[in-house]
file run.pdb (PDB, C-alpha atoms)
ATOM      1  CA  MET U  22       0.000   0.000   0.000
ATOM      2  CA  ASN U  23       2.776   2.412   0.912
ATOM      3  CA  GLU U  24       4.552   1.644  -2.324
ATOM      4  CA  LEU U  25       1.355   2.439  -4.279
ATOM      5  CA  LEU U  26       0.929   5.766  -2.483
ATOM      6  CA  LEU U  27       4.553   6.663  -3.107
ATOM      7  CA  SER U  28       4.157   5.784  -6.780
ATOM      8  CA  LEU U  29       1.027   7.928  -7.073
ATOM      9  CA  LEU U  30       2.702  10.786  -5.231
ATOM     10  CA  SER U  31       5.724  10.583  -7.513
ATOM     11  CA  SER U  32       3.441  10.681 -10.569
ATOM     12  CA  VAL U  33       1.600  13.738  -9.250
ATOM     13  CA  VAL U  34       4.863  15.546  -8.483
ATOM     14  CA  ALA U  35       6.272  14.713 -11.925
ATOM     15  CA  ALA U  36       3.096  15.844 -13.686
ATOM     16  CA  SER U  37       2.998  19.064 -11.665
ATOM     17  CA  ALA U  38       6.649  19.788 -12.408
ATOM     18  CA  ALA U  39       6.058  19.208 -16.129
ATOM     19  CA  TRP U  40       3.012  21.524 -16.084
ATOM     20  CA  VAL U  41       4.910  24.241 -14.238
ATOM     21  CA  GLY U  42       7.810  23.875 -16.648
ATOM     22  CA  GLN U  43       5.537  24.238 -19.676
ATOM     23  CA  TRP U  44       3.773  27.224 -18.099
ATOM     24  CA  LEU U  45       7.097  28.943 -17.388
ATOM     25  CA  LEU U  46       8.234  28.289 -20.967
ATOM     26  CA  ARG U  47       5.028  29.752 -22.412
ATOM     27  CA  TYR U  48       5.251  32.746 -20.078
ATOM     28  CA  ARG U  49       8.889  33.375 -21.034
ATOM     29  CA  ARG U  50       8.067  33.180 -24.729
ATOM     30  CA  LEU U  51       5.140  35.562 -24.311
ATOM     31  CA  ALA U  52       7.253  37.982 -22.268
ATOM     32  CA  ARG U  53       9.960  37.983 -24.941
ATOM     33  CA  LYS U  54       7.382  38.428 -27.687
ATOM     34  CA  ARG U  55       5.882  41.402 -25.846
ATOM     35  CA  THR U  56       9.291  42.994 -25.433
ATOM     36  CA  PHE U  57      10.247  42.404 -29.073
ATOM     37  CA  PHE U  58       7.042  43.996 -30.374
ATOM     38  CA  GLY U  59       6.934  46.685 -27.687
ATOM     39  CA  VAL U  60       3.473  45.658 -26.499
ATOM     40  CA  THR U  61       2.593  45.503 -22.815
ATOM     41  CA  PRO U  62      -0.729  44.247 -21.436
ATOM     42  CA  GLY U  63      -3.382  46.917 -21.854
ATOM     43  CA  ALA U  64      -1.146  49.140 -23.992
ATOM     44  CA  THR U  65      -2.486  50.886 -27.077
ATOM     45  CA  CYS U  66      -0.618  50.356 -30.341
ATOM     46  CA  VAL U  67      -1.140  52.277 -33.569
ATOM     47  CA  LEU U  68      -1.866  50.653 -36.930
ATOM     48  CA  VAL U  69      -1.302  53.193 -39.712
ATOM     49  CA  THR U  70      -3.214  52.400 -42.885
ATOM     50  CA  PRO U  71      -2.309  53.256 -46.481
ATOM     51  CA  ARG U  72      -4.894  54.393 -48.979
ATOM     52  CA  HIS U  73      -5.768  52.274 -51.997
ATOM     53  CA  PHE U  74      -3.436  53.846 -54.536
ATOM     54  CA  SER U  75      -5.624  53.193 -57.581
ATOM     55  CA  SER U  76      -8.971  53.965 -55.951
ATOM     56  CA  PRO U  77     -10.672  57.339 -56.492
ATOM     57  CA  GLN U  78     -11.981  57.223 -52.927
ATOM     58  CA  ALA U  79      -9.580  58.855 -50.500
ATOM     59  CA  ALA U  80     -10.536  56.603 -47.575
ATOM     60  CA  SER U  81     -10.363  53.326 -49.510
ATOM     61  CA  VAL U  82      -7.962  50.623 -48.278
ATOM     62  CA  HIS U  83      -6.883  47.681 -50.425
ATOM     63  CA  ARG U  84      -8.247  44.329 -49.219
ATOM     64  CA  ARG U  85      -4.734  42.904 -48.911
ATOM     65  CA  ASP U  86      -3.653  45.872 -46.813
ATOM     66  CA  THR U  87      -6.699  45.206 -44.650
ATOM     67  CA  ALA U  88      -5.543  41.600 -44.290
ATOM     68  CA  ALA U  89      -2.078  42.851 -43.311
ATOM     69  CA  LEU U  90      -3.633  45.035 -40.620
ATOM     70  CA  VAL U  91      -5.537  42.006 -39.309
ATOM     71  CA  GLU U  92      -2.268  40.042 -39.052
ATOM     72  CA  LEU U  93      -0.626  42.876 -37.138
ATOM     73  CA  GLY U  94      -3.685  43.401 -34.953
ATOM     74  CA  THR U  95      -3.570  39.726 -34.026
ATOM     75  CA  ILE U  96       0.043  40.117 -32.869
ATOM     76  CA  ILE U  97      -0.983  43.034 -30.678
ATOM     77  CA  SER U  98      -3.954  41.131 -29.265
ATOM     78  CA  GLU U  99      -1.854  38.051 -28.484
ATOM     79  CA  CYS U 100       0.511  40.297 -26.524
ATOM     80  CA  GLY U 101      -2.401  41.707 -24.520
ATOM     81  CA  GLY U 102      -2.495  45.115 -26.199
ATOM     82  CA  THR U 103      -5.201  46.993 -28.066
ATOM     83  CA  SER U 104      -5.117  48.441 -31.570
ATOM     84  CA  GLU U 105      -5.933  51.935 -32.731
ATOM     85  CA  ILE U 106      -6.317  52.245 -36.503
ATOM     86  CA  VAL U 107      -5.466  55.590 -38.060
ATOM     87  CA  SER U 108      -5.057  56.798 -41.625
ATOM     88  CA  GLY U 109      -1.580  57.570 -42.873
ATOM     89  CA  ASP U 110      -2.719  60.929 -44.174
ATOM     90  CA  GLY U 111      -4.680  61.784 -41.032
ATOM     91  CA  GLU U 112      -3.564  63.576 -37.911
ATOM     92  CA  LEU U 113      -1.202  61.371 -35.934
ATOM     93  CA  HIS U 114       0.992  63.463 -33.705
ATOM     94  CA  GLY U 115       4.257  62.277 -32.215
ATOM     95  CA  VAL U 116       6.310  59.164 -32.804
ATOM     96  CA  GLY U 117       7.696  56.590 -30.401
ATOM     97  CA  ARG U 118       5.185  57.434 -27.691
ATOM     98  CA  LEU U 119       3.142  54.407 -28.781
ATOM     99  CA  THR U 120       4.297  51.284 -30.567
ATOM    100  CA  GLU U 121       3.491  51.739 -34.252
ATOM    101  CA  PHE U 122       2.982  49.483 -37.255
ATOM    102  CA  CYS U 123       3.036  51.543 -40.457
ATOM    103  CA  VAL U 124       1.845  49.757 -43.617
ATOM    104  CA  GLY U 125       2.333  50.744 -47.257
ATOM    105  CA  GLY U 126       4.802  52.512 -49.506
ATOM    106  CA  PRO U 127       5.439  56.272 -49.316
ATOM    107  CA  ALA U 128       3.028  57.231 -52.106
ATOM    108  CA  ALA U 129       0.142  55.368 -50.489
ATOM    109  CA  ASN U 130       1.033  56.287 -46.913
ATOM    110  CA  PRO U 131       2.446  59.743 -46.086
ATOM    111  CA  ARG U 132       3.407  58.441 -42.655
ATOM    112  CA  THR U 133       5.778  55.973 -44.348
ATOM    113  CA  TYR U 134       7.247  58.855 -46.334
ATOM    114  CA  ALA U 135       8.008  60.641 -43.066
ATOM    115  CA  HIS U 136       9.638  57.527 -41.609
ATOM    116  CA  LEU U 137      11.858  57.098 -44.663
ATOM    117  CA  ARG U 138      12.999  60.703 -44.450
ATOM    118  CA  SER U 139      13.676  60.642 -40.730
ATOM    119  CA  ILE U 140      14.554  57.189 -39.406
ATOM    120  CA  LEU U 141      15.250  55.155 -42.573
ATOM    121  CA  PRO U 142      17.078  57.684 -44.740
ATOM    122  CA  GLY U 143      18.920  54.999 -46.682
ATOM    123  CA  VAL U 144      15.683  53.586 -48.115
ATOM    124  CA  GLY U 145      14.211  55.032 -51.298
ATOM    125  CA  SER U 146      11.187  54.333 -53.482
ATOM    126  CA  GLU U 147      11.148  55.614 -57.049
ATOM    127  CA  PRO U 148       8.432  55.201 -59.710
ATOM    128  CA  ASP U 149       9.456  53.199 -62.771
ATOM    129  CA  GLU U 150       7.607  54.501 -65.813
ATOM    130  CA  ALA U 151       8.551  51.378 -67.773
ATOM    131  CA  ALA U 152       6.611  49.357 -65.180
ATOM    132  CA  ASP U 153       3.484  51.565 -65.265
ATOM    133  CA  GLY U 154       4.724  53.660 -62.391
ATOM    134  CA  MET U 155       5.310  50.725 -60.025
ATOM    135  CA  PRO U 156       8.045  51.640 -57.533
ATOM    136  CA  THR U 157      11.617  50.499 -57.588
ATOM    137  CA  LEU U 158      13.093  50.127 -54.117
ATOM    138  CA  ARG U 159      16.599  51.318 -53.400
ATOM    139  CA  VAL U 160      18.544  50.719 -50.209
ATOM    140  CA  GLY U 161      21.983  52.226 -50.146
ATOM    141  CA  THR U 162      23.392  51.419 -53.574
ATOM    142  CA  THR U 163      21.317  48.257 -54.084
ATOM    143  CA  VAL U 164      18.299  48.457 -56.381
ATOM    144  CA  TYR U 165      15.284  46.156 -56.157
ATOM    145  CA  PRO U 166      13.363  46.452 -59.449
ATOM    146  CA  ALA U 167       9.697  47.295 -59.792
ATOM    147  CA  ALA U 168       7.183  44.563 -59.087
ATOM    148  CA  SER U 169       6.735  42.046 -61.896
ATOM    149  CA  GLN U 170       5.095  38.685 -62.466
ATOM    150  CA  ARG U 171       8.276  37.031 -61.208
ATOM    151  CA  ALA U 172       8.989  38.971 -58.028
ATOM    152  CA  GLU U 173       7.890  41.752 -55.697
ATOM    153  CA  TYR U 174       9.840  43.387 -52.885
ATOM    154  CA  VAL U 175       8.984  44.895 -49.531
ATOM    155  CA  VAL U 176      11.004  46.648 -46.845
ATOM    156  CA  LEU U 177      10.398  45.342 -43.333
ATOM    157  CA  ALA U 178      12.032  47.448 -40.638
ATOM    158  CA  LYS U 179      12.013  47.890 -36.881
ATOM    159  CA  ALA U 180      13.359  51.211 -35.689
ATOM    160  CA  TYR U 181      13.422  53.500 -32.676
ATOM    161  CA  VAL U 182      13.258  57.254 -32.491
ATOM    162  CA  PRO U 183      15.954  58.642 -30.159
ATOM    163  CA  ALA U 184      14.890  59.013 -26.518
ATOM    164  CA  THR U 185      11.619  57.102 -27.025
ATOM    165  CA  PRO U 186      10.896  53.615 -25.665
ATOM    166  CA  ASN U 187       8.579  52.122 -28.267
ATOM    167  CA  PRO U 188       9.466  50.677 -31.669
ATOM    168  CA  VAL U 189       8.177  51.681 -35.074
ATOM    169  CA  PHE U 190       7.623  48.840 -37.530
ATOM    170  CA  VAL U 191       7.583  49.855 -41.196
ATOM    171  CA  LEU U 192       6.185  47.545 -43.884
ATOM    172  CA  ALA U 193       6.745  49.391 -47.156
ATOM    173  CA  GLY U 194       6.079  47.235 -50.194
ATOM    174  CA  GLN U 195       5.786  47.682 -53.918
ATOM    175  CA  THR U 196       2.223  46.328 -53.783
ATOM    176  CA  ALA U 197      -0.463  45.584 -51.235
ATOM    177  CA  ARG U 198       0.339  41.904 -51.699
ATOM    178  CA  SER U 199       3.929  42.486 -50.614
ATOM    179  CA  ASN U 200       2.695  44.454 -47.581
ATOM    180  CA  LEU U 201       0.631  41.418 -46.570
ATOM    181  CA  ALA U 202       3.609  39.128 -47.121
ATOM    182  CA  ALA U 203       5.702  41.273 -44.769
ATOM    183  CA  ALA U 204       2.998  41.199 -42.083
ATOM    184  CA  ARG U 205       2.759  37.413 -42.276
ATOM    185  CA  PHE U 206       6.541  37.078 -42.216
ATOM    186  CA  LEU U 207       6.763  39.269 -39.129
ATOM    187  CA  ALA U 208       4.070  37.248 -37.368
ATOM    188  CA  SER U 209       5.553  33.843 -38.200
ATOM    189  CA  GLN U 210       9.272  34.611 -38.018
ATOM    190  CA  HIS U 211       9.491  36.966 -35.045
ATOM    191  CA  ARG U 212      11.381  34.374 -32.950
ATOM    192  CA  LYS U 213      14.122  34.128 -35.579
ATOM    193  CA  LEU U 214      14.249  37.912 -35.834
ATOM    194  CA  LEU U 215      14.491  38.140 -32.062
ATOM    195  CA  LYS U 216      17.425  35.721 -32.027
ATOM    196  CA  SER U 217      19.197  37.636 -34.775
ATOM    197  CA  TYR U 218      18.622  41.207 -33.569
ATOM    198  CA  GLY U 219      17.749  40.915 -29.891
ATOM    199  CA  LEU U 220      14.718  42.004 -27.940
ATOM    200  CA  LYS U 221      15.164  45.702 -28.700
ATOM    201  CA  GLY U 222      17.541  45.730 -31.632
ATOM    202  CA  ARG U 223      16.683  47.563 -34.820
ATOM    203  CA  PHE U 224      16.794  45.943 -38.238
ATOM    204  CA  CYS U 225      15.820  46.429 -41.860
ATOM    205  CA  LEU U 226      15.222  43.591 -44.307
ATOM    206  CA  VAL U 227      14.197  43.488 -47.937
ATOM    207  CA  LEU U 228      11.870  40.548 -48.550
ATOM    208  CA  LYS U 229      11.297  39.008 -51.968
ATOM    209  CA  ILE U 230       7.885  37.597 -52.847
ATOM    210  CA  VAL U 231       8.536  34.849 -55.384
ATOM    211  CA  GLU U 232       6.104  34.278 -58.287
ATOM    212  CA  PRO U 233       3.444  36.497 -56.691
ATOM    213  CA  LEU U 234       0.769  35.857 -59.321
ATOM    214  CA  ALA U 235       1.050  32.097 -58.855
ATOM    215  CA  PHE U 236       1.795  31.850 -55.126
ATOM    216  CA  GLY U 237       0.342  35.057 -53.735
ATOM    217  CA  PRO U 238       2.027  36.420 -50.582
ATOM    218  CA  ASP U 239       3.090  33.010 -49.245
ATOM    219  CA  PHE U 240       6.474  32.335 -50.901
ATOM    220  CA  VAL U 241       8.836  34.799 -49.206
ATOM    221  CA  GLU U 242      12.615  34.946 -49.153
ATOM    222  CA  ILE U 243      15.009  37.381 -47.518
ATOM    223  CA  ALA U 244      16.534  39.295 -50.418
ATOM    224  CA  GLY U 245      18.900  41.186 -48.168
ATOM    225  CA  ASP U 246      19.692  42.299 -44.638
ATOM    226  CA  VAL U 247      20.111  46.008 -45.325
ATOM    227  CA  THR U 248      20.295  47.184 -41.725
ATOM    228  CA  ALA U 249      23.704  48.791 -42.169
ATOM    229  CA  ASP U 250      22.575  50.871 -45.173
ATOM    230  CA  ALA U 251      18.965  51.646 -44.247
ATOM    231  CA  PHE U 252      19.803  53.844 -41.261
ATOM    232  CA  GLN U 253      22.472  55.820 -43.108
ATOM    233  CA  ALA U 254      21.467  58.652 -45.427
ATOM    234  CA  SER U 255      22.435  57.739 -48.973
ATOM    235  CA  VAL U 256      19.388  58.404 -51.154
ATOM    236  CA  PRO U 257      18.595  61.923 -52.397
ATOM    237  CA  ALA U 258      15.483  63.310 -50.747
ATOM    238  CA  ALA U 259      13.699  63.624 -54.105
ATOM    239  CA  GLY U 260      14.153  59.912 -54.674
ATOM    240  CA  ARG U 261      12.333  58.781 -51.556
ATOM    241  CA  LEU U 262       8.822  59.459 -52.795
ATOM    242  CA  GLY U 263       7.508  56.798 -55.147
ATOM    243  CA  SER U 264       4.380  55.092 -56.398
ATOM    244  CA  ASP U 265       2.812  52.198 -54.537
ATOM    245  CA  GLY U 266       0.663  49.525 -56.052
ATOM    246  CA  GLY U 267      -1.082  49.105 -52.662
TER
END

call {"tool": "encode", "arguments": {"input": "run.pdb", "output": "structure tokens"}}
result
Amino acid sequence: MNELLLSLLSSVVAASAAWVGQWLLRYRRLARKRTFFGVTPGATCVLVTPRHFSSPQAASVHRRDTAALVELGTIISECGGTSEIVSGDGELHGVGRLTEFCVGGPAANPRTYAHLRSILPGVGSEPDEAADGMPTLRVGTTVYPAASQRAEYVVLAKAYVPATPNPVFVLAGQTARSNLAAARFLASQHRKLLKSYGLKGRFCLVLKIVEPLAFGPDFVEIAGDVTADAFQASVPAAGRLGSDGG
């Protein structure tokens, strides 16, 4: 009888230890995720929307940009925060006071244009008339050609404004589809990004969407880690405003 009780007690202790261990692991992962994204429980985060570049309605948002906002809003919700959606051409004062996710290229989102001028001066977006005005991305001296049937590109960056605690995430793509691809990449690959750049490190990547017409926003590769160039001014100011297919 005593042996049976000891066996049961050992099983209960082992099961409890395993449960506590799993709970601590989940808590640690959530805490790291919150720190990486700059989201604390109950905090408000800003989602900045681009306008639909080809729509005559000023307040129209492309359906893929809407899907990107949903992906980002889910990240915020999982971290215990709340989302405030604002238009990129509306009144949004200050930067760094709240964690921010800014979606869309500089022509579709004036807020992105401001970020490229101020905190990502090495990133440029220039319309390519040969590609019906679709933007060519330029980071430092590297050029990423306008979106085509074979490939699209998007800049995914995490940056901080000096003397402010909260990050700004910029997802500036050549199309709305590439914006969505960047949002999904950020949601699914944040652990790898955390390992590479730390909890509060800044980074800038150019992502390549492969065969976008066939595969949509799901086949994504890292075209380049352009962190070193993105935060250094190298693109003429006139070259930072481009056209966005989003």

call {"tool": "residues_around", "arguments": {"input": "run.pdb", "residues": "stretch 171-182 of chain U", "least_positions_apart": "4", "cutoff": "9 Å", "atoms": "only C-alpha atoms", "output": "ChimeraX atom specification"}}
result
/U:116-117,126,139-141,144,157-158,165-167,186-196,198-200,202-204,207,221-234,244,248,251-252

call {"tool": "residues_around", "arguments": {"input": "run.pdb", "residues": "U:Leu220", "least_positions_apart": "2", "cutoff": "7 Å", "atoms": "only C-alpha atoms", "output": "number ranges by chain"}}
result
U: 53, 56-57, 215, 218, 222

call {"tool": "atom_distance", "arguments": {"input": "run.pdb", "atom1": "atom CA of U:Glu105", "atom2": "atom CA of U:Thr65"}}
result
6.7 Å

call {"tool": "resolve_selection", "arguments": {"input": "run.pdb", "expression": "the PyMOL selection byres ((chain U and resi 88) around 10)", "output": "PyMOL selection string"}}
result
chain U and resi 83-87+89-94+197-198+200-202+204-205

call {"tool": "write_last_selection", "arguments": {"input": "run.pdb", "atoms": "C-alpha atoms", "output": "PDB file, keeping the file's coordinate frame"}}
result
ATOM      1  CA  HIS U  83      -6.883  47.681 -50.425  1.00  0.00           C
ATOM      2  CA  ARG U  84      -8.247  44.329 -49.219  1.00  0.00           C
ATOM      3  CA  ARG U  85      -4.734  42.904 -48.911  1.00  0.00           C
ATOM      4  CA  ASP U  86      -3.653  45.872 -46.813  1.00  0.00           C
ATOM      5  CA  THR U  87      -6.699  45.206 -44.650  1.00  0.00           C
ATOM      6  CA  ALA U  89      -2.078  42.851 -43.311  1.00  0.00           C
ATOM      7  CA  LEU U  90      -3.633  45.035 -40.620  1.00  0.00           C
ATOM      8  CA  VAL U  91      -5.537  42.006 -39.309  1.00  0.00           C
ATOM      9  CA  GLU U  92      -2.268  40.042 -39.052  1.00  0.00           C
ATOM     10  CA  LEU U  93      -0.626  42.876 -37.138  1.00  0.00           C
ATOM     11  CA  GLY U  94      -3.685  43.401 -34.953  1.00  0.00           C
ATOM     12  CA  ALA U 197      -0.463  45.584 -51.235  1.00  0.00           C
ATOM     13  CA  ARG U 198       0.339  41.904 -51.699  1.00  0.00           C
ATOM     14  CA  ASN U 200       2.695  44.454 -47.581  1.00  0.00           C
ATOM     15  CA  LEU U 201       0.631  41.418 -46.570  1.00  0.00           C
ATOM     16  CA  ALA U 202       3.609  39.128 -47.121  1.00  0.00           C
ATOM     17  CA  ALA U 204       2.998  41.199 -42.083  1.00  0.00           C
ATOM     18  CA  ARG U 205       2.759  37.413 -42.276  1.00  0.00           C
TER      19      ARG U 205
END

call {"tool": "atom_distance", "arguments": {"input": "run.pdb", "atom1": "atom CA of U:Ala168", "atom2": "atom CA of U:Phe236"}}
result
14.4 Å

call {"tool": "decode", "arguments": {"input": "run.pdb", "residues": "stretch 142-178 of chain U", "atoms": "N, CA and C atoms", "output": "compact mmCIF listing (two decimals), in the first residue's frame"}}
result
# COMPACT_ATOMS: atom_id res chain seq x y z
N PRO U 142 16.68 56.81 -43.64
CA PRO U 142 17.08 57.68 -44.74
C PRO U 142 17.80 56.97 -45.88
N GLY U 143 18.25 55.74 -45.63
CA GLY U 143 18.92 55.00 -46.68
C GLY U 143 17.99 54.23 -47.59
N VAL U 144 16.67 54.32 -47.33
CA VAL U 144 15.68 53.59 -48.12
C VAL U 144 14.98 54.55 -49.05
N GLY U 145 14.89 54.20 -50.32
CA GLY U 145 14.21 55.03 -51.30
C GLY U 145 13.19 54.24 -52.09
N SER U 146 12.22 54.93 -52.64
CA SER U 146 11.19 54.33 -53.48
C SER U 146 10.95 55.26 -54.65
N GLU U 147 11.20 54.77 -55.85
CA GLU U 147 11.15 55.61 -57.05
C GLU U 147 10.24 54.99 -58.10
N PRO U 148 9.32 55.76 -58.69
CA PRO U 148 8.43 55.20 -59.71
C PRO U 148 9.19 54.82 -60.97
N ASP U 149 8.85 53.68 -61.53
CA ASP U 149 9.46 53.20 -62.77
C ASP U 149 8.42 53.31 -63.87
N GLU U 150 8.59 54.28 -64.76
CA GLU U 150 7.61 54.50 -65.81
C GLU U 150 7.49 53.30 -66.75
N ALA U 151 8.59 52.56 -66.91
CA ALA U 151 8.55 51.38 -67.77
C ALA U 151 7.70 50.26 -67.17
N ALA U 152 7.44 50.35 -65.87
CA ALA U 152 6.61 49.36 -65.18
C ALA U 152 5.29 49.98 -64.73
N ASP U 153 4.76 50.89 -65.56
CA ASP U 153 3.48 51.57 -65.26
C ASP U 153 3.49 52.29 -63.93
N GLY U 154 4.64 52.87 -63.61
CA GLY U 154 4.72 53.66 -62.39
C GLY U 154 4.92 52.86 -61.12
N MET U 155 5.04 51.53 -61.22
CA MET U 155 5.31 50.72 -60.02
C MET U 155 6.66 51.13 -59.45
N PRO U 156 6.81 51.12 -58.12
CA PRO U 156 8.05 51.64 -57.53
C PRO U 156 9.21 50.66 -57.57
N THR U 157 10.36 51.20 -57.79
CA THR U 157 11.62 50.50 -57.59
C THR U 157 12.14 50.87 -56.21
N LEU U 158 12.53 49.87 -55.44
CA LEU U 158 13.09 50.13 -54.12
C LEU U 158 14.60 50.24 -54.22
N ARG U 159 15.16 51.14 -53.43
CA ARG U 159 16.60 51.32 -53.40
C ARG U 159 17.03 51.45 -51.94
N VAL U 160 17.99 50.63 -51.56
CA VAL U 160 18.54 50.72 -50.21
C VAL U 160 20.05 50.84 -50.34
N GLY U 161 20.58 51.96 -49.90
CA GLY U 161 21.98 52.23 -50.15
C GLY U 161 22.22 52.29 -51.64
N THR U 162 23.11 51.46 -52.14
CA THR U 162 23.39 51.42 -53.57
C THR U 162 22.74 50.22 -54.26
N THR U 163 21.97 49.44 -53.51
CA THR U 163 21.32 48.26 -54.08
C THR U 163 19.91 48.59 -54.55
N VAL U 164 19.60 48.17 -55.78
CA VAL U 164 18.30 48.46 -56.38
C VAL U 164 17.48 47.17 -56.45
N TYR U 165 16.23 47.27 -56.06
CA TYR U 165 15.28 46.16 -56.16
C TYR U 165 14.22 46.58 -57.16
N PRO U 166 14.18 45.95 -58.34
CA PRO U 166 13.36 46.45 -59.45
C PRO U 166 11.88 46.44 -59.15
N ALA U 167 11.14 47.19 -59.95
CA ALA U 167 9.70 47.30 -59.79
C ALA U 167 9.04 45.92 -59.83
N ALA U 168 7.91 45.83 -59.16
CA ALA U 168 7.18 44.56 -59.09
C ALA U 168 6.88 44.02 -60.48
N SER U 169 7.02 42.70 -60.63
CA SER U 169 6.74 42.05 -61.90
C SER U 169 6.01 40.74 -61.61
N GLN U 170 5.74 39.98 -62.66
CA GLN U 170 5.10 38.69 -62.47
C GLN U 170 6.01 37.70 -61.76
N ARG U 171 7.32 37.96 -61.79
CA ARG U 171 8.28 37.03 -61.21
C ARG U 171 8.60 37.35 -59.76
N ALA U 172 8.57 38.63 -59.39
CA ALA U 172 8.99 38.97 -58.03
C ALA U 172 8.46 40.34 -57.62
N GLU U 173 8.21 40.47 -56.32
CA GLU U 173 7.89 41.75 -55.70
C GLU U 173 8.77 41.89 -54.46
N TYR U 174 8.97 43.13 -54.03
CA TYR U 174 9.84 43.39 -52.89
C TYR U 174 9.13 44.27 -51.86
N VAL U 175 9.55 44.09 -50.61
CA VAL U 175 8.98 44.90 -49.53
C VAL U 175 10.06 45.12 -48.48
N VAL U 176 10.10 46.32 -47.95
CA VAL U 176 11.00 46.65 -46.85
C VAL U 176 10.28 46.38 -45.53
N LEU U 177 10.92 45.61 -44.67
CA LEU U 177 10.40 45.34 -43.33
C LEU U 177 11.43 45.84 -42.34
N ALA U 178 11.06 46.83 -41.55
CA ALA U 178 12.03 47.45 -40.64
C ALA U 178 11.45 47.62 -39.24
